Amino acid sequence: MTGAPASAAGGSPAARGATGPTASSGAAGGSASTPVSDPQGGARPPRGAKLAAAAVNQASLWNVANLLTMLRLVLVPGFVALMLAGGGYDPAWRSLAWAAFAIAMITDLFDGHLARTYNLVTDFGKIADPIADKAIMGAALICLSALGDLPWWVTVVILGRELGVTLLRFLVIRYGVIPASRGGKLKTLTQGVAVGMYVLALTGWLATLRFWVMAAAVVLTVVTGLDYVRQAVVLRRRGIAERKAALEGSDE
């Protein structure tokens with residue numbers, strides 16, 4: 001007589017444990033999407049959940065930020081073709097090349113902001129975004145120097161700095177990340193304006209103005225590059241000191 005009340009009240013262990021796969025499927029009519037309990041007490045995800053999550057991760061590659069980055073990559077060969085069309089000195093073709101360069105620079109301002117704001121950061125974007133930035137800038141500088149519009153030493157200084165900073169980031173990544181500085185952002189903006197002015201077939205006072213804008217861009221390029229070197233040295237020393245302190249602490 002004592003077993004009936006306990007069974008009715010669900011107080012027996014058997015009654016409380018009837019939440020396993022058999023009971024769950026019976027209550028839900030055998031639906032495969034109903035979460036069930038595993039033997040360790042945690043809720044197992046419904047069948048097919050991992051496949052669905054993988055599909056979402058794959059689809060996230062085609063977000064608006066990555067599409068803008070892909071557009072910049074596609075614009076690089078188009079820009080070179082427009083820049084060199086008509087012998088490289090036709091004002092009409094140079095204007096079209098400037099339009100392609102301007103679009104690339106504008107999308108550079110938006111894709112990173114969109115990725116961070118709307119959580120659209122992907123491994124593809126982390127790799128492709130800096131490549132696209134350096135590709136369009138490098139293509140413009142090399143074309144301008146090849147056409148005789150810009151001294152080769154300017155191209156070497158700017159591209160050397162960009163490649164050097166990228167390599168520096170990889171060398172100290174084990175100790176931390178070197179953040180982008182305001183000076184670096186100002187450098188990027190000044191470089192974009194200066195190169196854009198050189199892409200256009202400007203004359204008179206505008207040609208003189210672009211010379212000084214490019215001079216400012218070169219100065220910012222060198223100064224910010226040296227600042228990145230300083231940050232890398234400080235970051236490396238700090239990381240080595242922290243590791244040494246951690247090892248000494250573990251020995252105690």
# chains A, B, ... in the order shown; residues from 1 in each chain; ligands from 1
>>> residues_around(residues="Phe211 in chain A", least_positions_apart="3", cutoff="12 Å", atoms="only C-alpha atoms", output="MDAnalysis selection string")
chainID A and resid 149:151 154 190:191 193:198 202:208 214:218
>>> write_last_selection(atoms="N, CA, C and O atoms", output="CSV table (one decimal), in the first residue's frame")
chain,number,residue,atom,x,y,z
A,149,ASP,N,55.6,58.8,-63.0
A,149,ASP,CA,54.9,59.9,-62.2
A,149,ASP,C,55.4,60.0,-60.8
A,149,ASP,O,55.2,61.1,-60.2
A,150,LEU,N,55.9,58.9,-60.3
A,150,LEU,CA,56.3,58.9,-58.8
A,150,LEU,C,57.7,58.3,-58.7
A,150,LEU,O,57.9,57.2,-59.3
A,151,PRO,N,58.6,58.9,-58.0
A,151,PRO,CA,59.9,58.3,-57.8
A,151,PRO,C,59.9,56.9,-57.2
A,151,PRO,O,59.0,56.6,-56.3
A,154,VAL,N,60.0,56.4,-53.3
A,154,VAL,CA,58.7,56.6,-52.6
A,154,VAL,C,58.0,55.3,-52.5
A,154,VAL,O,57.5,54.9,-51.4
A,190,THR,N,46.1,59.6,-45.5
A,190,THR,CA,46.9,60.5,-46.3
A,190,THR,C,47.5,59.8,-47.5
A,190,THR,O,47.6,60.4,-48.6
A,191,GLN,N,47.9,58.5,-47.3
A,191,GLN,CA,48.4,57.8,-48.5
A,191,GLN,C,47.3,57.6,-49.6
A,191,GLN,O,47.6,57.8,-50.7
A,193,VAL,N,44.7,59.5,-50.2
A,193,VAL,CA,44.5,60.8,-50.8
A,193,VAL,C,45.6,61.2,-51.8
A,193,VAL,O,45.4,61.6,-52.9
A,194,ALA,N,46.9,61.0,-51.3
A,194,ALA,CA,48.0,61.3,-52.1
A,194,ALA,C,48.1,60.5,-53.4
A,194,ALA,O,48.3,61.0,-54.5
A,195,VAL,N,48.0,59.2,-53.2
A,195,VAL,CA,48.0,58.3,-54.4
A,195,VAL,C,46.9,58.6,-55.3
A,195,VAL,O,47.0,58.6,-56.6
A,196,GLY,N,45.7,58.8,-54.8
A,196,GLY,CA,44.6,59.2,-55.6
A,196,GLY,C,44.8,60.4,-56.5
A,196,GLY,O,44.4,60.5,-57.6
A,197,MET,N,45.5,61.4,-55.9
A,197,MET,CA,45.8,62.6,-56.6
A,197,MET,C,46.8,62.4,-57.7
A,197,MET,O,46.8,63.0,-58.8
A,198,TYR,N,47.7,61.5,-57.5
A,198,TYR,CA,48.7,61.1,-58.5
A,198,TYR,C,48.1,60.3,-59.6
A,198,TYR,O,48.6,60.4,-60.8
A,202,LEU,N,46.6,65.6,-63.0
A,202,LEU,CA,46.4,66.9,-62.5
A,202,LEU,C,47.6,67.8,-63.0
A,202,LEU,O,48.7,67.3,-63.3
A,203,THR,N,47.3,69.1,-63.1
A,203,THR,CA,48.3,70.1,-63.6
A,203,THR,C,48.2,71.3,-62.7
A,203,THR,O,47.2,71.5,-61.9
A,204,GLY,N,49.1,72.2,-62.9
A,204,GLY,CA,49.1,73.5,-62.2
A,204,GLY,C,49.2,73.3,-60.7
A,204,GLY,O,50.0,72.5,-60.2
A,205,TRP,N,48.5,74.1,-59.9
A,205,TRP,CA,48.6,74.1,-58.5
A,205,TRP,C,48.2,72.8,-57.8
A,205,TRP,O,48.7,72.5,-56.7
A,206,LEU,N,47.3,72.1,-58.5
A,206,LEU,CA,46.9,70.8,-57.9
A,206,LEU,C,48.0,69.8,-58.0
A,206,LEU,O,48.2,69.0,-57.1
A,207,ALA,N,48.8,69.9,-59.0
A,207,ALA,CA,50.0,69.0,-59.1
A,207,ALA,C,51.0,69.3,-58.0
A,207,ALA,O,51.6,68.5,-57.5
A,208,THR,N,51.1,70.6,-57.7
A,208,THR,CA,52.0,71.0,-56.6
A,208,THR,C,51.5,70.6,-55.3
A,208,THR,O,52.2,70.1,-54.4
A,214,MET,N,51.8,64.0,-50.8
A,214,MET,CA,52.6,62.7,-50.8
A,214,MET,C,53.8,62.8,-49.8
A,214,MET,O,54.1,61.8,-49.2
A,215,ALA,N,54.4,64.0,-49.7
A,215,ALA,CA,55.5,64.2,-48.8
A,215,ALA,C,55.0,63.9,-47.4
A,215,ALA,O,55.7,63.3,-46.6
A,216,ALA,N,53.8,64.5,-47.0
A,216,ALA,CA,53.2,64.2,-45.7
A,216,ALA,C,53.0,62.7,-45.5
A,216,ALA,O,53.2,62.2,-44.4
A,217,ALA,N,52.5,62.0,-46.5
A,217,ALA,CA,52.2,60.6,-46.4
A,217,ALA,C,53.5,59.8,-46.2
A,217,ALA,O,53.5,58.9,-45.4
A,218,VAL,N,54.6,60.2,-46.9
A,218,VAL,CA,55.9,59.5,-46.7
A,218,VAL,C,56.4,59.7,-45.2
A,218,VAL,O,56.9,58.8,-44.6
>>> select_by_dssp(residues="range 92-226 of chain A", states="helix (DSSP H, G or I)", output="JSON, numbers by chain")
{"A": [92, 93, 94, 95, 96, 97, 98, 99, 100, 101, 102, 103, 104, 105, 106, 107, 108, 109, 110, 111, 112, 113, 114, 115, 116, 117, 123, 124, 125, 126, 127, 128, 129, 130, 131, 132, 133, 134, 135, 136, 137, 138, 139, 140, 141, 142, 143, 144, 145, 146, 152, 153, 154, 155, 156, 157, 158, 159, 160, 161, 162, 163, 164, 165, 166, 167, 168, 169, 170, 171, 182, 183, 184, 185, 186, 187, 188, 189, 190, 191, 192, 193, 194, 195, 196, 197, 198, 199, 205, 206, 207, 208, 209, 210, 211, 212, 213, 214, 215, 216, 217, 218, 219, 220, 221, 222, 223, 224, 225, 226]}
>>> closest_residue(among="A:Ala100, A:Ala245, A:Leu220, A:Ala65", to="Ile158 in chain A", atoms="only C-alpha atoms")
A:Leu220
>>> atom_distance(atom1="CA of Ile136 in chain A", atom2="CA of Pro91 in chain A")
20.0 Å
>>> residues_around(residues="Gly160 in chain A", least_positions_apart="3", cutoff="12 Å", atoms="only C-alpha atoms", output="PyMOL selection string")
chain A and resi 134+138+141+152-157+163-168+218+221-222+225
>>> closest_residue(among="A:Trp212, A:Arg72, A:Ala201, A:Val64", to="Leu114 in chain A", atoms="only C-alpha atoms")
A:Val64
>>> closest_residue(among="A:Ala135, A:Leu61, A:Ala102, A:Arg174", to="Val76 in chain A", atoms="only C-alpha atoms")
A:Ala135
>>> select_by_dssp(residues="range 22-232 of chain A", states="strand (DSSP E)", output="JSON, numbers by chain")
{"A": [36, 37, 43, 44]}
>>> closest_residue(among="A:Val199, A:Ile178, A:Leu186, A:Val213", to="Phe79 in chain A", atoms="only C-alpha atoms")
A:Val199
>>> residues_around(residues="Leu120 in chain A", least_positions_apart="6", cutoff="12 Å", atoms="only C-alpha atoms", output="PyMOL selection string")
chain A and resi 57+59-67+111-114+126
>>> atom_distance(atom1="CA of Val229 in chain A", atom2="CA of Asp129 in chain A")
22.1 Å
>>> closest_residue(among="A:Asp133, A:Asp123, A:Asp108, A:Glu162", to="Tyr228 in chain A", atoms="only C-alpha atoms")
A:Glu162
>>> closest_residue(among="A:Leu235, A:Ala115, A:Leu147, A:Leu189", to="Arg169 in chain A", atoms="only C-alpha atoms")
A:Leu235
